[in-house]
file input_15.cif (mmCIF, C-alpha atoms)
data_target
#
loop_
_atom_site.label_atom_id
_atom_site.label_comp_id
_atom_site.auth_asym_id
_atom_site.auth_seq_id
_atom_site.Cartn_x
_atom_site.Cartn_y
_atom_site.Cartn_z
CA MET A 1 2.36 4.55 32.69
CA LYS A 2 2.37 0.76 32.34
CA ARG A 3 5.37 -1.00 30.82
CA ILE A 4 4.80 -3.80 28.33
CA ALA A 5 7.32 -6.19 26.76
CA PHE A 6 6.94 -8.55 23.80
CA LYS A 7 8.54 -11.93 23.12
CA THR A 8 7.95 -13.17 19.58
CA LEU A 9 8.69 -16.65 18.30
CA GLY A 10 8.10 -18.05 14.82
CA CYS A 11 7.29 -16.58 11.44
CA ARG A 12 7.13 -13.14 9.84
CA LEU A 13 3.37 -13.15 10.31
CA ASN A 14 3.92 -13.21 14.06
CA LEU A 15 6.48 -10.41 13.71
CA TYR A 16 3.97 -8.29 11.79
CA GLU A 17 1.29 -8.85 14.42
CA THR A 18 3.67 -8.07 17.29
CA ASP A 19 4.82 -4.86 15.59
CA ALA A 20 1.22 -3.75 15.09
CA LEU A 21 0.27 -4.56 18.69
CA ALA A 22 3.33 -2.80 20.12
CA SER A 23 2.51 0.32 18.09
CA ARG A 24 -1.05 0.25 19.41
CA PHE A 25 0.11 0.08 23.02
CA LYS A 26 2.69 2.83 22.48
CA ALA A 27 0.09 5.11 20.88
CA ALA A 28 -2.07 4.64 23.99
CA GLY A 29 0.73 5.73 26.31
CA TYR A 30 2.25 2.41 27.33
CA ASP A 31 6.02 2.24 27.65
CA ILE A 32 7.52 -0.46 25.41
CA ALA A 33 10.23 -2.39 27.28
CA ASP A 34 12.82 -4.88 26.12
CA SER A 35 11.75 -8.50 26.64
CA ASN A 36 14.59 -8.98 29.13
CA ALA A 37 13.74 -5.87 31.19
CA ASP A 38 11.21 -5.39 33.98
CA ALA A 39 7.65 -4.79 32.83
CA ASP A 40 4.10 -4.83 34.11
CA VAL A 41 2.91 -6.93 31.16
CA PHE A 42 4.64 -9.55 29.01
CA VAL A 43 3.12 -10.70 25.73
CA VAL A 44 4.43 -13.98 24.33
CA ASN A 45 3.48 -14.47 20.66
CA THR A 46 3.99 -18.19 20.14
CA CYS A 47 4.76 -20.66 17.35
CA THR A 48 3.84 -24.35 17.14
CA VAL A 49 5.24 -25.43 13.76
CA THR A 50 7.49 -28.07 15.40
CA ASN A 51 7.92 -29.75 18.79
CA THR A 52 11.03 -27.61 19.22
CA SER A 53 8.87 -24.50 18.72
CA ASP A 54 6.51 -25.64 21.48
CA GLN A 55 9.44 -26.30 23.79
CA LYS A 56 10.96 -22.86 23.15
CA CYS A 57 7.60 -21.21 23.84
CA ARG A 58 7.14 -23.09 27.12
CA GLN A 59 10.65 -22.16 28.19
CA ALA A 60 10.06 -18.49 27.35
CA ILE A 61 6.80 -18.37 29.34
CA HIS A 62 8.25 -20.16 32.39
CA GLN A 63 11.37 -17.99 32.33
CA ILE A 64 9.26 -14.83 32.37
CA ARG A 65 7.14 -16.16 35.23
CA ARG A 66 10.23 -17.05 37.28
CA LYS A 67 11.90 -13.68 36.72
CA HIS A 68 8.74 -11.57 36.99
CA PRO A 69 6.30 -13.35 39.34
CA GLU A 70 4.07 -10.29 39.76
CA ALA A 71 3.82 -9.39 36.06
CA LEU A 72 0.77 -9.97 33.90
CA ILE A 73 1.49 -12.58 31.19
CA ALA A 74 -0.58 -12.82 28.01
CA VAL A 75 0.14 -15.77 25.72
CA THR A 76 -1.15 -15.69 22.15
CA GLY A 77 -0.28 -17.16 18.75
CA CYS A 78 -0.35 -20.59 17.16
CA MET A 79 0.62 -22.58 20.24
CA VAL A 80 -2.54 -21.27 21.90
CA ASN A 81 -4.70 -22.62 19.08
CA HIS A 82 -2.87 -25.96 19.28
CA ARG A 83 -2.51 -26.34 23.06
CA LYS A 84 -5.05 -23.97 24.57
CA GLU A 85 -6.36 -26.36 27.23
CA GLU A 86 -2.84 -27.24 28.32
CA LEU A 87 -1.98 -23.57 28.77
CA LEU A 88 -5.22 -22.81 30.60
CA GLN A 89 -4.81 -25.74 32.96
CA SER A 90 -1.19 -24.91 33.73
CA GLY A 91 -2.18 -21.49 35.08
CA ILE A 92 1.16 -20.11 33.93
CA ALA A 93 -0.46 -17.25 32.01
CA ASP A 94 -3.05 -14.67 33.04
CA PHE A 95 -4.51 -14.49 29.53
CA VAL A 96 -4.54 -17.16 26.82
CA ILE A 97 -5.62 -15.52 23.56
CA ASP A 98 -6.09 -17.43 20.29
CA ASN A 99 -5.02 -16.16 16.87
CA GLU A 100 -8.54 -15.11 15.93
CA ARG A 101 -8.66 -12.65 18.86
CA LYS A 102 -4.99 -11.60 18.83
CA ALA A 103 -5.85 -8.27 17.17
CA ALA A 104 -7.98 -7.43 20.25
CA LEU A 105 -5.06 -7.95 22.63
CA PHE A 106 -4.71 -4.24 23.38
CA ASP A 107 -8.38 -3.95 24.31
CA ILE A 108 -8.18 -7.10 26.45
CA ILE A 109 -5.15 -5.89 28.43
CA ASP A 110 -6.30 -2.29 28.67
CA GLU A 111 -9.73 -3.34 29.94
CA HIS A 112 -8.03 -5.42 32.62
CA PHE A 113 -6.12 -2.40 33.94
CA ARG A 114 -9.16 -0.13 33.71
CA THR A 115 -11.73 -2.44 35.29
CA GLY A 116 -9.82 -5.25 36.97
CA HIS A 117 -11.48 -7.83 34.74
CA SER A 118 -11.33 -8.84 31.07
CA ASP A 119 -12.59 -11.88 29.17
CA PRO A 120 -10.78 -12.63 25.87
CA GLU A 121 -13.64 -14.88 24.75
CA GLY A 122 -15.96 -11.87 24.76
CA TYR A 123 -14.13 -10.20 21.88
CA ASP A 124 -14.97 -10.68 18.22
CA ARG A 125 -12.83 -12.88 15.99
CA ASP A 126 -10.92 -10.80 13.45
CA LEU A 127 -7.71 -11.71 11.60
CA PHE A 128 -6.97 -8.35 9.96
CA SER A 129 -8.00 -5.48 12.24
CA TYR A 130 -4.43 -4.55 13.16
CA GLN A 131 -3.52 -0.89 12.98
CA PRO A 132 -0.49 0.08 10.86
CA ALA A 133 2.74 -0.39 12.79
CA PHE A 134 4.48 2.99 13.04
CA ASP A 135 6.90 2.26 15.88
CA THR A 136 8.26 -1.23 15.35
CA PHE A 137 11.14 -3.42 16.39
CA HIS A 138 12.30 -3.59 12.76
CA THR A 139 13.45 -1.20 10.04
CA ARG A 140 11.23 -2.84 7.44
CA SER A 141 7.46 -2.65 7.67
CA LEU A 142 5.71 -6.00 7.43
CA ILE A 143 2.31 -5.95 5.70
CA LYS A 144 -0.09 -8.83 6.37
CA ILE A 145 -2.13 -9.70 3.28
CA HIS A 146 -3.32 -13.24 3.97
CA ASP A 147 -3.92 -15.79 6.71
CA GLY A 148 -4.74 -19.49 6.89
CA CYS A 149 -4.08 -22.32 4.45
CA ASN A 150 -6.09 -24.88 2.47
CA ASN A 151 -3.19 -27.13 1.43
CA PHE A 152 -3.13 -29.58 4.36
CA CYS A 153 0.37 -30.91 3.72
CA SER A 154 0.77 -34.19 5.56
CA TYR A 155 3.33 -32.81 8.06
CA CYS A 156 1.82 -29.39 8.77
CA ILE A 157 -0.45 -28.25 11.57
CA ILE A 158 -0.83 -24.64 10.36
CA PRO A 159 -4.32 -25.09 8.79
CA MET A 160 -5.50 -26.31 12.20
CA VAL A 161 -4.09 -23.35 14.15
CA ARG A 162 -4.41 -20.56 11.57
CA GLY A 163 -7.62 -21.77 9.92
CA ARG A 164 -8.64 -21.83 6.27
CA SER A 165 -7.28 -19.49 3.62
CA THR A 166 -8.49 -15.90 4.12
CA SER A 167 -7.43 -12.80 2.17
CA ARG A 168 -7.32 -9.28 3.56
CA PRO A 169 -9.40 -6.66 1.70
CA THR A 170 -7.37 -4.92 -0.99
CA GLU A 171 -8.10 -1.35 0.09
CA ASP A 172 -6.99 -2.14 3.64
CA ILE A 173 -3.67 -3.36 2.24
CA TYR A 174 -3.16 -0.35 -0.05
CA ASN A 175 -3.98 2.03 2.80
CA ASN A 176 -1.61 0.15 5.12
CA VAL A 177 1.21 0.53 2.57
CA ARG A 178 0.49 4.23 2.00
CA GLU A 179 0.46 4.92 5.74
CA VAL A 180 3.77 3.21 6.53
CA VAL A 181 5.44 4.84 3.50
CA GLU A 182 4.19 8.24 4.66
CA HIS A 183 5.56 7.42 8.09
CA GLY A 184 9.01 6.97 6.54
CA PHE A 185 9.48 3.25 5.96
CA LYS A 186 11.58 2.51 2.88
CA GLU A 187 10.81 -1.19 2.55
CA VAL A 188 7.55 -3.07 2.92
CA VAL A 189 7.53 -6.86 3.19
CA LEU A 190 4.38 -8.68 2.11
CA THR A 191 3.62 -11.57 4.43
CA GLY A 192 0.96 -14.24 4.93
CA VAL A 193 0.59 -17.99 5.37
CA ASN A 194 0.07 -18.76 1.67
CA MET A 195 0.30 -15.43 -0.15
CA GLY A 196 0.29 -16.85 -3.66
CA ARG A 197 -3.33 -17.89 -3.11
CA TYR A 198 -4.41 -14.34 -2.36
CA GLN A 199 -7.83 -13.67 -3.88
CA TYR A 200 -10.18 -10.86 -2.93
CA GLU A 201 -13.12 -9.70 -5.05
CA GLY A 202 -11.42 -10.42 -8.35
CA THR A 203 -7.91 -9.30 -7.35
CA ASN A 204 -5.31 -12.06 -7.25
CA PHE A 205 -1.78 -11.97 -5.88
CA GLU A 206 -0.04 -10.71 -9.01
CA GLN A 207 -2.57 -7.89 -9.48
CA LEU A 208 -2.24 -6.97 -5.81
CA VAL A 209 1.56 -6.72 -6.10
CA GLU A 210 1.30 -4.67 -9.30
CA ASN A 211 -1.10 -2.23 -7.65
CA ILE A 212 1.21 -1.85 -4.64
CA LEU A 213 4.14 -1.11 -6.95
CA ASN A 214 2.10 1.74 -8.47
CA ILE A 215 1.62 3.45 -5.09
CA ASN A 216 3.56 6.71 -4.98
CA GLY A 217 6.69 6.97 -2.85
CA ASP A 218 10.36 6.08 -2.65
CA PHE A 219 10.16 2.56 -1.25
CA ARG A 220 10.73 -1.01 -2.32
CA VAL A 221 8.59 -4.11 -1.96
CA ARG A 222 9.81 -7.51 -0.86
CA VAL A 223 7.89 -10.78 -1.09
CA SER A 224 8.55 -12.95 1.98
CA SER A 225 8.19 -16.73 2.23
CA ILE A 226 5.87 -18.04 -0.48
CA GLU A 227 4.64 -21.40 -1.73
CA PRO A 228 5.81 -22.56 -5.20
CA ASP A 229 2.71 -21.82 -7.22
CA GLN A 230 3.02 -21.78 -10.99
CA PHE A 231 3.77 -18.08 -11.29
CA SER A 232 2.61 -16.50 -14.52
CA ASP A 233 4.94 -14.62 -16.86
CA ARG A 234 2.99 -11.49 -16.01
CA PHE A 235 3.86 -11.89 -12.34
CA LEU A 236 7.53 -12.65 -13.05
CA SER A 237 7.77 -9.61 -15.32
CA LEU A 238 6.96 -7.46 -12.27
CA PHE A 239 10.46 -8.20 -10.97
CA GLN A 240 11.78 -5.94 -13.70
CA HIS A 241 10.14 -3.06 -11.78
CA GLU A 242 12.69 -1.08 -9.78
CA LYS A 243 10.52 -1.23 -6.66
CA LEU A 244 10.17 -5.02 -6.51
CA ALA A 245 13.16 -6.68 -4.84
CA PRO A 246 14.58 -9.58 -6.93
CA HIS A 247 14.48 -12.13 -4.14
CA MET A 248 11.96 -14.76 -3.08
CA HIS A 249 12.06 -17.42 -0.39
CA ILE A 250 10.18 -20.26 -2.10
CA CYS A 251 9.43 -23.30 0.05
CA LEU A 252 10.79 -26.46 -1.63
CA GLN A 253 10.69 -28.87 1.36
CA SER A 254 12.18 -31.75 -0.66
CA GLY A 255 13.98 -32.35 -3.95
CA SER A 256 12.56 -35.86 -4.27
CA ASP A 257 9.29 -36.52 -6.09
CA ASP A 258 8.68 -39.55 -3.88
CA THR A 259 8.98 -37.47 -0.72
CA LEU A 260 6.96 -34.58 -2.14
CA LYS A 261 4.12 -36.99 -2.92
CA ARG A 262 4.08 -38.32 0.66
CA MET A 263 4.23 -34.75 1.96
CA HIS A 264 1.08 -34.03 -0.11
CA ARG A 265 2.82 -31.16 -1.84
CA PHE A 266 1.23 -30.01 -5.09
CA TYR A 267 4.18 -29.84 -7.52
CA THR A 268 6.97 -32.00 -8.90
CA VAL A 269 10.72 -31.44 -8.92
CA ALA A 270 10.54 -30.79 -12.68
CA GLN A 271 7.86 -28.11 -12.17
CA PHE A 272 9.90 -26.45 -9.43
CA ARG A 273 13.01 -26.49 -11.66
CA ASP A 274 11.08 -24.92 -14.55
CA MET A 275 9.74 -22.21 -12.24
CA CYS A 276 13.25 -21.34 -11.01
CA GLN A 277 14.61 -21.21 -14.56
CA ARG A 278 11.80 -18.89 -15.65
CA ILE A 279 12.39 -16.59 -12.65
CA LYS A 280 16.10 -16.25 -13.40
CA ALA A 281 15.39 -15.62 -17.08
CA PHE A 282 13.25 -12.60 -16.17
CA ARG A 283 15.85 -11.16 -13.78
CA PRO A 284 19.49 -12.35 -13.98
CA GLY A 285 21.10 -12.56 -10.55
CA PHE A 286 17.73 -13.21 -8.90
CA ASN A 287 18.28 -14.51 -5.37
CA LEU A 288 16.40 -17.71 -4.54
CA THR A 289 16.30 -19.05 -0.98
CA THR A 290 14.26 -21.96 0.37
CA ASP A 291 13.19 -24.35 3.14
CA ILE A 292 14.08 -28.06 3.19
CA ILE A 293 12.75 -30.64 5.63
CA VAL A 294 15.12 -33.53 6.36
CA GLY A 295 14.18 -36.86 7.88
CA PHE A 296 10.59 -36.95 6.65
CA PRO A 297 9.05 -40.41 7.25
CA GLY A 298 10.29 -42.81 4.58
CA GLU A 299 13.16 -40.57 3.45
CA THR A 300 15.92 -42.90 2.31
CA ASP A 301 19.57 -42.24 1.58
CA GLN A 302 18.64 -42.07 -2.10
CA THR A 303 15.73 -39.63 -1.76
CA PHE A 304 17.84 -37.48 0.57
CA LYS A 305 20.59 -37.47 -2.06
CA GLU A 306 18.02 -36.29 -4.62
CA SER A 307 17.21 -33.32 -2.37
CA CYS A 308 20.89 -32.49 -1.99
CA ASP A 309 21.56 -32.75 -5.72
CA PHE A 310 18.59 -30.51 -6.51
CA ALA A 311 19.62 -27.92 -3.91
CA ARG A 312 23.05 -27.71 -5.54
CA GLU A 313 21.55 -27.55 -9.04
CA ILE A 314 19.24 -24.62 -8.27
CA GLY A 315 21.89 -22.87 -6.18
CA PHE A 316 19.70 -21.56 -3.36
CA SER A 317 21.85 -18.95 -1.60
CA HIS A 318 20.34 -19.90 1.75
CA ILE A 319 18.51 -23.04 2.86
CA HIS A 320 16.49 -22.93 6.07
CA THR A 321 16.85 -26.53 7.23
CA PHE A 322 14.20 -28.20 9.39
CA LYS A 323 14.42 -31.62 10.99
CA TYR A 324 11.02 -33.29 10.55
CA SER A 325 9.02 -33.02 13.77
CA VAL A 326 6.01 -35.21 14.54
CA ARG A 327 2.84 -33.17 14.97
CA ASN A 328 -0.08 -35.10 16.41
CA GLY A 329 -3.17 -34.78 14.27
CA THR A 330 -1.28 -34.75 10.96
CA LYS A 331 -1.09 -37.65 8.51
CA ALA A 332 2.69 -37.84 8.68
CA ALA A 333 2.57 -38.50 12.43
CA VAL A 334 1.29 -42.04 11.83
CA MET A 335 3.32 -42.81 8.71
CA PRO A 336 5.67 -45.82 8.84
CA ASP A 337 9.46 -45.63 8.52
CA GLN A 338 10.05 -42.72 10.88
CA VAL A 339 13.67 -41.57 10.57
CA PRO A 340 15.92 -41.75 13.68
CA GLU A 341 16.83 -38.42 15.26
CA LYS A 342 20.54 -39.08 14.80
CA VAL A 343 20.06 -39.49 11.05
CA LYS A 344 18.01 -36.26 10.90
CA THR A 345 20.81 -34.38 12.64
CA GLU A 346 23.45 -35.79 10.26
CA ARG A 347 21.35 -34.88 7.22
CA SER A 348 20.72 -31.37 8.57
CA GLU A 349 24.46 -30.76 8.70
CA VAL A 350 24.86 -31.95 5.11
CA VAL A 351 22.19 -29.52 3.88
CA ARG A 352 23.67 -26.66 5.91
CA GLN A 353 27.03 -27.26 4.27
CA ILE A 354 25.38 -27.21 0.83
CA SER A 355 23.70 -23.94 1.80
CA LEU A 356 27.07 -22.42 2.74
CA GLU A 357 28.69 -23.59 -0.51
CA ASN A 358 25.79 -22.17 -2.53
CA LYS A 359 25.97 -18.86 -0.68
CA ILE A 360 29.69 -18.51 -1.41
CA LYS A 361 29.11 -19.19 -5.12
CA TYR A 362 26.23 -16.72 -5.30
CA PHE A 363 28.17 -14.00 -3.47
CA GLU A 364 31.20 -14.53 -5.70
CA MET A 365 28.94 -14.18 -8.75
CA MET A 366 27.55 -10.90 -7.39
CA GLN A 367 30.94 -9.33 -6.61
CA GLY A 368 31.42 -6.06 -8.50
CA ASN A 369 27.68 -5.61 -9.11
CA THR A 370 25.78 -2.55 -7.92
CA GLN A 371 23.19 -2.85 -5.18
CA ARG A 372 20.83 -0.28 -3.71
CA MET A 373 21.48 -0.68 -0.02
CA LEU A 374 18.91 0.30 2.59
CA ILE A 375 20.87 1.40 5.66
CA GLU A 376 19.20 -0.29 8.62
CA ARG A 377 21.60 0.61 11.43
CA ILE A 378 24.82 2.54 12.07
CA ASP A 379 27.07 1.56 14.97
CA SER A 380 29.10 3.83 17.25
CA LYS A 381 32.07 3.65 14.85
CA GLY A 382 30.02 4.92 11.92
CA ILE A 383 29.80 1.51 10.24
CA ALA A 384 26.50 1.08 8.39
CA ARG A 385 24.76 -2.24 7.86
CA GLY A 386 21.82 -3.13 5.69
CA TYR A 387 20.65 -5.11 2.68
CA GLY A 388 20.67 -4.65 -1.07
CA GLU A 389 17.61 -5.32 -3.20
CA ASN A 390 18.74 -8.95 -3.72
CA TYR A 391 18.66 -9.45 0.08
CA ILE A 392 22.45 -9.32 0.19
CA PRO A 393 23.89 -8.09 3.51
CA ILE A 394 26.23 -5.12 3.08
CA ILE A 395 28.64 -3.31 5.40
CA ALA A 396 29.59 0.25 4.46
CA SER A 397 31.50 3.17 5.91
CA GLY A 398 31.67 6.76 4.78
CA LYS A 399 30.61 10.31 5.50
CA ASP A 400 27.03 11.49 5.84
CA LEU A 401 25.50 8.02 6.04
CA GLU A 402 22.00 8.05 7.51
CA LYS A 403 19.79 5.27 8.81
CA ASN A 404 16.72 4.43 6.73
CA THR A 405 18.12 5.86 3.50
CA PHE A 406 19.05 4.25 0.19
CA ILE A 407 22.58 4.34 -1.18
CA ASN A 408 23.94 2.78 -4.39
CA LEU A 409 27.11 0.73 -3.88
CA ARG A 410 29.36 -1.69 -5.73
CA LEU A 411 29.90 -5.00 -3.93
CA GLY A 412 33.49 -5.61 -2.93
CA GLU A 413 35.20 -7.94 -0.47
CA ILE A 414 33.21 -10.85 0.97
CA ILE A 415 33.40 -11.02 4.76
CA HIS A 416 33.05 -14.43 6.44
CA ARG A 417 32.10 -14.85 10.08
CA GLU A 418 34.03 -17.68 11.73
CA ASN A 419 32.86 -20.59 9.59
CA GLU A 420 29.20 -19.67 10.04
CA ASP A 421 26.68 -19.49 7.22
CA LYS A 422 26.77 -15.71 7.62
CA MET A 423 28.53 -13.43 5.20
CA ALA A 424 28.36 -9.82 4.08
CA PHE A 425 29.92 -7.52 1.51
CA ASN A 426 32.23 -4.61 2.06
CA ILE A 427 31.92 -1.96 -0.63
CA LEU A 428 34.39 -1.18 -3.41
#
call {"tool": "encode", "arguments": {"input": "input_15.cif", "output": "structure tokens"}}
result
Amino acid sequence: MKRIAFKTLGCRLNLYETDALASRFKAAGYDIADSNADADVFVVNTCTVTNTSDQKCRQAIHQIRRKHPEALIAVTGCMVNHRKEELLQSGIADFVIDNERKAALFDIIDEHFRTGHSDPEGYDRDLFSYQPAFDTFHTRSLIKIHDGCNNFCSYCIIPMVRGRSTSRPTEDIYNNVREVVEHGFKEVVLTGVNMGRYQYEGTNFEQLVENILNINGDFRVRVSSIEPDQFSDRFLSLFQHEKLAPHMHICLQSGSDDTLKRMHRFYTVAQFRDMCQRIKAFRPGFNLTTDIIVGFPGETDQTFKESCDFAREIGFSHIHTFKYSVRNGTKAAVMPDQVPEKVKTERSEVVRQISLENKIKYFEMMQGNTQRMLIERIDSKGIARGYGENYIPIIASGKDLEKNTFINLRLGEIIHRENEDKMAFNIL
């Protein structure tokens, strides 16, 4: 029996693909090892969204090679599509597999062990032929519905490494959901590069979500990171359905119209505000989280202040803060007025503090409310941890608690963790 370990960096799409690949190897008799343990094969699923991402991926690959010089290393993911020649020339990896052939990774590795030779380039390109992930590293089941992007924001390299917008066939998605629900998963998370643009043979994103909600079973559906499209009232009304979790991570990137225009984003601050107001009107207490990029070329003290003011106004309960990173081949890389790294760092800390203040206000507003907690783990002391439907972390104790079950609770004391932007609720 061969042992295989996975190291995943980057987005939920990568997590979905790693889960599916790990399940495929396990079903074939491979032993799944921790990424820090000894293994015959290490798979590194990479990210290239920023220079920091590239650096972390290189460090991960080199660390594996130093610790496990005899192991087989397969590198895949977005960094491969961006820096394939660099990886090939370095010789650090035995296999360098692009995103379009990632789904064939099992066949590539298995052929190598069976025959002593395998050529990744000989496999067909296919973005969606992943088998449902039954044995995963996570308690939620990620469901890939879309890949690629047509937006070409001025700072983003994703369309170059993930390709143009492509939607997965509807029946494949419905079958994937049915299979993981039958296997016992209680939460499915829809994921993709630009899910709001889903379109397959007349079915758009809102119709897809509605059809998934109508699938039989005791489970809930969560929408992961999504672009701020002008959601219809019909789509927003779906959040009144008990299965659809009232939480979305909607990517703002900036609260300044001037910066949004230079980013080549496709909405204004006023449009984003209107969207958030409409969402909250359909479901009071709706949890909005977001991404903000600081230090974009040309960002001034005033435009940064506009982002901060808007973040406070909307009240995002969490803000994933990125320092702008130059990506060669994008329009922003050659823009004038690049912001010094020191200023980016200072602005990042300001946004993180706003995020913490917003989170405290949101949690205080939710105190005393009832949440349907999905128990994700129980420690040796019988303390259960999980999330409510609003993506609120909850800690609970009591008799007869079981992992991967729902329990209705009232939110009590807010627990802070040593000045970090991490909090949870005890129960009343």
call {"tool": "atom_distance", "arguments": {"input": "input_15.cif", "atom1": "CA of Arg24 (chain A)", "atom2": "CA of Thr191 (chain A)"}}
result
19.6 Å
call {"tool": "resolve_selection", "arguments": {"input": "input_15.cif", "expression": "the PyMOL selection byres ((chain A and resi 290) around 8)", "output": "list in words"}}
result
His249, Ile250, Cys251, Leu252, Gln253, Leu288, Thr289, Asp291, Ile292, Phe316, His318, Ile319 and His320 of chain A
call {"tool": "write_last_selection", "arguments": {"input": "input_15.cif", "atoms": "C-alpha atoms", "output": "tab-separated table (two decimals), in the frame of the given file"}}
result
chain	number	residue	atom	x	y	z
A	249	HIS	CA	12.06	-17.42	-0.39
A	250	ILE	CA	10.18	-20.26	-2.10
A	251	CYS	CA	9.43	-23.30	0.05
A	252	LEU	CA	10.79	-26.46	-1.63
A	253	GLN	CA	10.69	-28.87	1.36
A	288	LEU	CA	16.40	-17.71	-4.54
A	289	THR	CA	16.30	-19.05	-0.98
A	291	ASP	CA	13.19	-24.35	3.14
A	292	ILE	CA	14.08	-28.06	3.19
A	316	PHE	CA	19.70	-21.56	-3.36
A	318	HIS	CA	20.34	-19.90	1.75
A	319	ILE	CA	18.51	-23.04	2.86
A	320	HIS	CA	16.49	-22.93	6.07
call {"tool": "resolve_selection", "arguments": {"input": "input_15.cif", "expression": "the PyMOL selection byres ((chain A and resi 395) around 9)", "output": "short mmCIF file (atom, residue, chain, number, x, y, z; two decimals) with C-alpha atoms, in the frame of the given file"}}
result
data_model
loop_
_atom_site.label_atom_id
_atom_site.label_comp_id
_atom_site.auth_asym_id
_atom_site.auth_seq_id
_atom_site.Cartn_x
_atom_site.Cartn_y
_atom_site.Cartn_z
CA ILE A 383 29.80 1.51 10.24
CA ALA A 384 26.50 1.08 8.39
CA ARG A 385 24.76 -2.24 7.86
CA GLY A 386 21.82 -3.13 5.69
CA TYR A 387 20.65 -5.11 2.68
CA PRO A 393 23.89 -8.09 3.51
CA ILE A 394 26.23 -5.12 3.08
CA ALA A 396 29.59 0.25 4.46
CA SER A 397 31.50 3.17 5.91
CA ALA A 424 28.36 -9.82 4.08
CA PHE A 425 29.92 -7.52 1.51
CA ASN A 426 32.23 -4.61 2.06
CA ILE A 427 31.92 -1.96 -0.63
#
call {"tool": "closest_residue", "arguments": {"input": "input_15.cif", "among": "A:Met160, A:Leu15, A:Met275, A:Leu9", "to": "Asn81 (chain A)", "atoms": "only C-alpha atoms"}}
result
A:Met160
call {"tool": "closest_atom_pairs", "arguments": {"input": "input_15.cif", "of": "region 208-304 of chain A", "to": "region 337-357 of chain A", "cutoff": "9 Å", "atoms": "only C-alpha atoms", "output": "CSV"}}
result
residue,atom,partner,partner_atom,distance
A:Ile292,CA,A:Val351,CA,8.3
A:Ile293,CA,A:Ser348,CA,8.5
A:Val294,CA,A:Lys344,CA,6.0
A:Gly295,CA,A:Lys344,CA,4.9
A:Phe296,CA,A:Val339,CA,6.8
A:Pro297,CA,A:Gln338,CA,4.4
A:Gly298,CA,A:Asp337,CA,4.9
A:Glu299,CA,A:Val339,CA,7.2
A:Thr300,CA,A:Val339,CA,8.7
A:Phe304,CA,A:Arg347,CA,8.0
call {"tool": "atom_distance", "arguments": {"input": "input_15.cif", "atom1": "CA of Cys57 (chain A)", "atom2": "CA of Gly122 (chain A)"}}
result
25.4 Å
call {"tool": "resolve_selection", "arguments": {"input": "input_15.cif", "expression": "the PyMOL selection byres ((chain A and resi 361) around 12)", "output": "ChimeraX atom specification"}}
result
/A:285,287,312-318,354-360,362-367,414,423
call {"tool": "residues_around", "arguments": {"input": "input_15.cif", "residues": "Arg3 (chain A)", "least_positions_apart": "2", "cutoff": "6 Å", "atoms": "only C-alpha atoms", "output": "list in words"}}
result
Tyr30, Asp31, Ile32, Ala39 and Asp40 of chain A
call {"tool": "residues_near_point", "arguments": {"input": "input_15.cif", "point": "(-7.7, -8.6, 1.2)", "cutoff": "8 Å", "atoms": "only C-alpha atoms", "output": "MDAnalysis selection string"}}
result
chainID A and resid 145:146 166:173 198:200
call {"tool": "atom_distance", "arguments": {"input": "input_15.cif", "atom1": "CA of Gly148 (chain A)", "atom2": "CA of Asp110 (chain A)"}}
result
27.8 Å
call {"tool": "residues_around", "arguments": {"input": "input_15.cif", "residues": "Phe152 (chain A)", "least_positions_apart": "6", "cutoff": "10 Å", "atoms": "all atoms listed in the file", "output": "ChimeraX atom specification"}}
result
/A:158-160,164,263-265,330-331
call {"tool": "residues_around", "arguments": {"input": "input_15.cif", "residues": "Ile407 (chain A)", "least_positions_apart": "3", "cutoff": "7 Å", "atoms": "all atoms listed in the file", "output": "list in words"}}
result
Arg372, Met373 and Leu374 of chain A
call {"tool": "residues_around", "arguments": {"input": "input_15.cif", "residues": "Ile4 (chain A)", "least_positions_apart": "5", "cutoff": "12 Å", "atoms": "all atoms listed in the file", "output": "NGL selection string"}}
result
:A and (18 or 21-26 or 28-44 or 71-74 or 106 or 109-110)
call {"tool": "residues_around", "arguments": {"input": "input_15.cif", "residues": "Gly192 (chain A)", "least_positions_apart": "2", "cutoff": "10 Å", "atoms": "only C-alpha atoms", "output": "PyMOL selection string"}}
result
chain A and resi 11-14+16+142-149+165-168+190+194-198+223-226
call {"tool": "closest_residue", "arguments": {"input": "input_15.cif", "among": "A:Asp119, A:Asp274, A:Asp233, A:Glu17", "to": "Ser141 (chain A)", "atoms": "only C-alpha atoms"}}
result
A:Glu17
call {"tool": "decode", "arguments": {"input": "input_15.cif", "residues": "region 303-307 of chain A", "atoms": "N, CA and C atoms", "output": "short mmCIF file (atom, residue, chain, number, x, y, z; two decimals), in the first residue's frame"}}
result
data_model
loop_
_atom_site.label_atom_id
_atom_site.label_comp_id
_atom_site.auth_asym_id
_atom_site.auth_seq_id
_atom_site.Cartn_x
_atom_site.Cartn_y
_atom_site.Cartn_z
N THR A 303 -8.79 57.94 -0.79
CA THR A 303 -9.52 56.78 -1.33
C THR A 303 -9.46 55.61 -0.36
N PHE A 304 -8.35 55.50 0.38
CA PHE A 304 -8.28 54.47 1.42
C PHE A 304 -9.31 54.75 2.51
N LYS A 305 -9.44 56.03 2.89
CA LYS A 305 -10.43 56.41 3.90
C LYS A 305 -11.84 56.06 3.43
N GLU A 306 -12.10 56.23 2.13
CA GLU A 306 -13.42 55.88 1.60
C GLU A 306 -13.69 54.39 1.76
N SER A 307 -12.67 53.56 1.56
CA SER A 307 -12.83 52.12 1.76
C SER A 307 -13.13 51.81 3.22
#
